[in-house]
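> I am attaching a structure below and will ask some questions about it afterwards.
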Amino acid sequence: MARALLGALIVRRDGRDLLAARITETEAYLGIDDPACHSFRGRRTPRNEVMWGRAGHLYVYFTYGMHHCANVVTRLAGVPEAVLLRGALAVAGEEAITARRGGRTGGTLLAGPARLCQGLGLDLRHNGLDVTAAGDLFLASDGLAVEAGEVRVSSRVGVAYAGEAASWPLRFALAPGARR
């Protein structure tokens, strides 16, 4: 699912603003057998409870006392796996997204999971939302088909504590020059 989400749109209606961003980078977290995953060894807490639910729901958590990160739950209920949304490109509502990012502009506007959440205004209020259903926050496709040659695969970042699992090739990104 981490690779399949590349090129998809995450769309948010926020008051009068319609925000949309094309997902350009993701990272997979493989549940109870993945030392980098919040549900490693069956850990089930109020924070990660959404991961234990059905696929298609947003798992948002707060980290480092200052940032939100958003994941899409990817498996059946009881199988706590998710894909972290690591980066995106604004395709609609760029002015509002830029304002949420403190006026920052350019290619790094939504580069990184915290920037993506800040730019789209995602926080703990969105934890548990079904992003497969019509509503104020959803995933969509505009028909862009991402070809295998347009995807870079690498190890995950920021999970050195996970030992060998940090090097697993579970980070996916649209290659520079890929159609967007």
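Labels used: A, B, ... for chains in the order of the structure tokens, numbers from 1 for residues in each chain, and numbers from 1 for ligands as shown.
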Can you pull out every residue within 12 Å of Pro46 in chain A, counting only C-alpha atoms, but drop anything in the same chain fewer than 4 positions away, and send it as a PyMOL selection string?

chain A and resi 38-39+50-52+59-61+127-128

> Could you write out that same residue set with C-alpha atoms as a PDB file, in the first residue's frame?


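Output file selection.pdb follows:
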ATOM      1  CA  HIS A  38       3.994   1.688  17.109  1.00  0.00           C
ATOM      2  CA  SER A  39       2.243  -1.698  17.404  1.00  0.00           C
ATOM      3  CA  VAL A  50      -6.764   3.312  15.334  1.00  0.00           C
ATOM      4  CA  MET A  51      -4.023   1.106  13.834  1.00  0.00           C
ATOM      5  CA  TRP A  52      -5.867  -1.922  15.190  1.00  0.00           C
ATOM      6  CA  TYR A  59      -3.962   7.336  12.293  1.00  0.00           C
ATOM      7  CA  VAL A  60      -2.676  10.714  13.462  1.00  0.00           C
ATOM      8  CA  TYR A  61      -0.291  11.033  16.368  1.00  0.00           C
ATOM      9  CA  ASN A 127      -7.408  10.625  14.068  1.00  0.00           C
ATOM     10  CA  GLY A 128      -9.725   7.756  13.122  1.00  0.00           C
TER      11      GLY A 128
END

> Skip Cys69 in chain A itself and residues of its chain fewer than 5 positions away, then list as a list of chain:residue names all residues within 10 Å of it, counting only C-alpha atoms.

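In the requested format, the answer is A:Tyr59, A:Val60, A:Tyr61, A:Phe62, A:Thr63, A:Leu84, A:Leu85, A:Arg86, A:Gly112, A:Pro113, A:Ala114, A:Arg115, A:Leu116, A:Cys117, A:Gln118, A:Leu122, A:Asp123, A:Leu124.
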
> Export N, CA and C atoms of the chosen residues as a PDB file, in the first residue's frame?


ATOM      1  N   TYR A  59      -4.591   7.439  10.971  1.00  0.00           N
ATOM      2  CA  TYR A  59      -3.962   7.336  12.293  1.00  0.00           C
ATOM      3  C   TYR A  59      -3.040   8.544  12.426  1.00  0.00           C
ATOM      4  N   VAL A  60      -3.457   9.499  13.242  1.00  0.00           N
ATOM      5  CA  VAL A  60      -2.676  10.714  13.462  1.00  0.00           C
ATOM      6  C   VAL A  60      -2.134  10.672  14.883  1.00  0.00           C
ATOM      7  N   TYR A  61      -0.866  10.968  15.024  1.00  0.00           N
ATOM      8  CA  TYR A  61      -0.291  11.033  16.368  1.00  0.00           C
ATOM      9  C   TYR A  61       0.559  12.285  16.509  1.00  0.00           C
ATOM     10  N   PHE A  62       0.798  12.670  17.749  1.00  0.00           N
ATOM     11  CA  PHE A  62       1.570  13.855  18.106  1.00  0.00           C
ATOM     12  C   PHE A  62       2.936  13.370  18.579  1.00  0.00           C
ATOM     13  N   THR A  63       3.996  13.994  18.095  1.00  0.00           N
ATOM     14  CA  THR A  63       5.329  13.532  18.441  1.00  0.00           C
ATOM     15  C   THR A  63       6.256  14.696  18.790  1.00  0.00           C
ATOM     16  N   LEU A  84       2.884   5.710   6.676  1.00  0.00           N
ATOM     17  CA  LEU A  84       3.127   7.103   7.031  1.00  0.00           C
ATOM     18  C   LEU A  84       3.153   7.945   5.764  1.00  0.00           C
ATOM     19  N   LEU A  85       2.417   9.050   5.783  1.00  0.00           N
ATOM     20  CA  LEU A  85       2.448   9.999   4.669  1.00  0.00           C
ATOM     21  C   LEU A  85       3.627  10.933   4.930  1.00  0.00           C
ATOM     22  N   ARG A  86       4.707  10.758   4.168  1.00  0.00           N
ATOM     23  CA  ARG A  86       5.954  11.492   4.416  1.00  0.00           C
ATOM     24  C   ARG A  86       6.058  12.794   3.636  1.00  0.00           C
ATOM     25  N   GLY A 112       8.008  16.201   4.194  1.00  0.00           N
ATOM     26  CA  GLY A 112       8.172  15.734   5.563  1.00  0.00           C
ATOM     27  C   GLY A 112       6.812  15.569   6.212  1.00  0.00           C
ATOM     28  N   PRO A 113       6.669  14.558   7.068  1.00  0.00           N
ATOM     29  CA  PRO A 113       5.353  14.268   7.642  1.00  0.00           C
ATOM     30  C   PRO A 113       4.789  15.400   8.496  1.00  0.00           C
ATOM     31  N   ALA A 114       5.611  16.111   9.236  1.00  0.00           N
ATOM     32  CA  ALA A 114       5.115  17.220  10.062  1.00  0.00           C
ATOM     33  C   ALA A 114       4.689  18.392   9.189  1.00  0.00           C
ATOM     34  N   ARG A 115       5.449  18.698   8.162  1.00  0.00           N
ATOM     35  CA  ARG A 115       5.094  19.787   7.247  1.00  0.00           C
ATOM     36  C   ARG A 115       3.799  19.476   6.505  1.00  0.00           C
ATOM     37  N   LEU A 116       3.647  18.220   6.099  1.00  0.00           N
ATOM     38  CA  LEU A 116       2.426  17.800   5.413  1.00  0.00           C
ATOM     39  C   LEU A 116       1.216  18.026   6.319  1.00  0.00           C
ATOM     40  N   CYS A 117       1.317  17.591   7.565  1.00  0.00           N
ATOM     41  CA  CYS A 117       0.194  17.773   8.492  1.00  0.00           C
ATOM     42  C   CYS A 117      -0.061  19.252   8.774  1.00  0.00           C
ATOM     43  N   GLN A 118       0.989  20.012   8.969  1.00  0.00           N
ATOM     44  CA  GLN A 118       0.818  21.438   9.234  1.00  0.00           C
ATOM     45  C   GLN A 118       0.156  22.136   8.043  1.00  0.00           C
ATOM     46  N   LEU A 122      -3.806  19.032   9.537  1.00  0.00           N
ATOM     47  CA  LEU A 122      -4.182  17.748  10.127  1.00  0.00           C
ATOM     48  C   LEU A 122      -3.651  17.668  11.550  1.00  0.00           C
ATOM     49  N   ASP A 123      -4.502  17.221  12.459  1.00  0.00           N
ATOM     50  CA  ASP A 123      -4.083  17.066  13.850  1.00  0.00           C
ATOM     51  C   ASP A 123      -4.906  15.938  14.484  1.00  0.00           C
ATOM     52  N   LEU A 124      -4.870  15.841  15.796  1.00  0.00           N
ATOM     53  CA  LEU A 124      -5.522  14.724  16.484  1.00  0.00           C
ATOM     54  C   LEU A 124      -7.034  14.692  16.271  1.00  0.00           C
TER      55      LEU A 124
END

> Which residues are close to range 149-156 of chain A, i.e. within 7 Å by only C-alpha atoms, leaving aside same-chain residues fewer than 2 positions away? Reply as a ChimeraX atom specification.

/A:27,146-147,158-159,166-175,178

> Skipping near chain neighbours, those fewer than 5 positions away, what residues fall within 6 Å of Leu9 in chain A using only C-alpha atoms, listed as a list in words?

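Here the qualifying residues turn out to be Ala21, Arg22, Leu139, Ala140 and Ser141 of chain A.
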
> Go through A:Leu6, A:Ala70, A:Leu89, A:Ala148 one by one, measure the shortest atom-to-atom distance of each to Thr26 in chain A using only C-alpha atoms, and give the residue with the smallest value.

A:Leu6

> Hey, which of A:Ala8, A:Ala82, A:Glu49, A:Leu58 ends up closest to Gly31 in chain A? Count only C-alpha atoms.

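That would be A:Ala82, the residue with the smallest distance to Gly31 in chain A.
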
> Which of chain A end up as alpha helix (DSSP H) when DSSP is run on this backbone - answer as a count of residues only?

15

> Give me the residues near Gly107 in chain A as a ChimeraX atom specification, where near means some atom within 10 Å (using only C-alpha atoms) and where sequence neighbours in that chain fewer than 4 positions away do not count.

/A:88-90,111

> Write down as a PyMOL selection string the residues of range 8-164 of chain A whose backbone DSSP state falls under strand (DSSP E or B).

chain A and resi 9-14+17-29+57-63+67-73+82-92+111+130+137-140+151-154

> Determine, counting only C-alpha atoms, which protein, DNA and RNA residues have an atom within 9 Å of an atom of Ala96 in chain A; residues of the same chain fewer than 2 positions away are not included. Present the result as a PDB file with N, CA and C atoms, in the first residue's frame.


ATOM      1  N   ASP A  17     -11.932  26.737   2.246  1.00  0.00           N
ATOM      2  CA  ASP A  17     -10.735  26.270   1.547  1.00  0.00           C
ATOM      3  C   ASP A  17     -10.881  24.819   1.092  1.00  0.00           C
ATOM      4  N   LEU A  18     -10.489  24.562  -0.142  1.00  0.00           N
ATOM      5  CA  LEU A  18     -10.346  23.205  -0.643  1.00  0.00           C
ATOM      6  C   LEU A  18      -8.860  23.000  -0.861  1.00  0.00           C
ATOM      7  N   LEU A  19      -8.290  22.094  -0.096  1.00  0.00           N
ATOM      8  CA  LEU A  19      -6.870  21.806  -0.160  1.00  0.00           C
ATOM      9  C   LEU A  19      -6.680  20.425  -0.773  1.00  0.00           C
ATOM     10  N   GLY A  93      -5.352  24.861  -3.454  1.00  0.00           N
ATOM     11  CA  GLY A  93      -5.342  25.559  -2.177  1.00  0.00           C
ATOM     12  C   GLY A  93      -3.958  25.931  -1.690  1.00  0.00           C
ATOM     13  N   GLU A  94      -3.028  26.129  -2.637  1.00  0.00           N
ATOM     14  CA  GLU A  94      -1.646  26.383  -2.241  1.00  0.00           C
ATOM     15  C   GLU A  94      -1.506  27.633  -1.372  1.00  0.00           C
ATOM     16  N   THR A  98       0.214  27.402   2.145  1.00  0.00           N
ATOM     17  CA  THR A  98       1.380  28.252   2.419  1.00  0.00           C
ATOM     18  C   THR A  98       1.167  29.059   3.691  1.00  0.00           C
ATOM     19  N   ALA A  99      -0.027  29.589   3.868  1.00  0.00           N
ATOM     20  CA  ALA A  99      -0.329  30.358   5.080  1.00  0.00           C
ATOM     21  C   ALA A  99      -0.198  29.484   6.321  1.00  0.00           C
ATOM     22  N   ARG A 100      -0.687  28.237   6.238  1.00  0.00           N
ATOM     23  CA  ARG A 100      -0.574  27.318   7.375  1.00  0.00           C
ATOM     24  C   ARG A 100       0.887  26.987   7.676  1.00  0.00           C
ATOM     25  N   ARG A 101       1.713  27.070   6.668  1.00  0.00           N
ATOM     26  CA  ARG A 101       3.145  26.772   6.832  1.00  0.00           C
ATOM     27  C   ARG A 101       3.943  28.039   7.153  1.00  0.00           C
ATOM     28  N   GLY A 119       0.641  21.860   6.837  1.00  0.00           N
ATOM     29  CA  GLY A 119       0.112  22.511   5.650  1.00  0.00           C
ATOM     30  C   GLY A 119      -1.342  22.180   5.372  1.00  0.00           C
ATOM     31  N   LEU A 120      -1.738  20.952   5.663  1.00  0.00           N
ATOM     32  CA  LEU A 120      -3.129  20.537   5.432  1.00  0.00           C
ATOM     33  C   LEU A 120      -3.994  20.735   6.674  1.00  0.00           C
TER      34      LEU A 120
END

> Which residue, A:Gly56, A:Pro176, A:Gly102, A:Gly15, has the smallest gap to Met1 in chain A when you use only C-alpha atoms?

A:Gly56
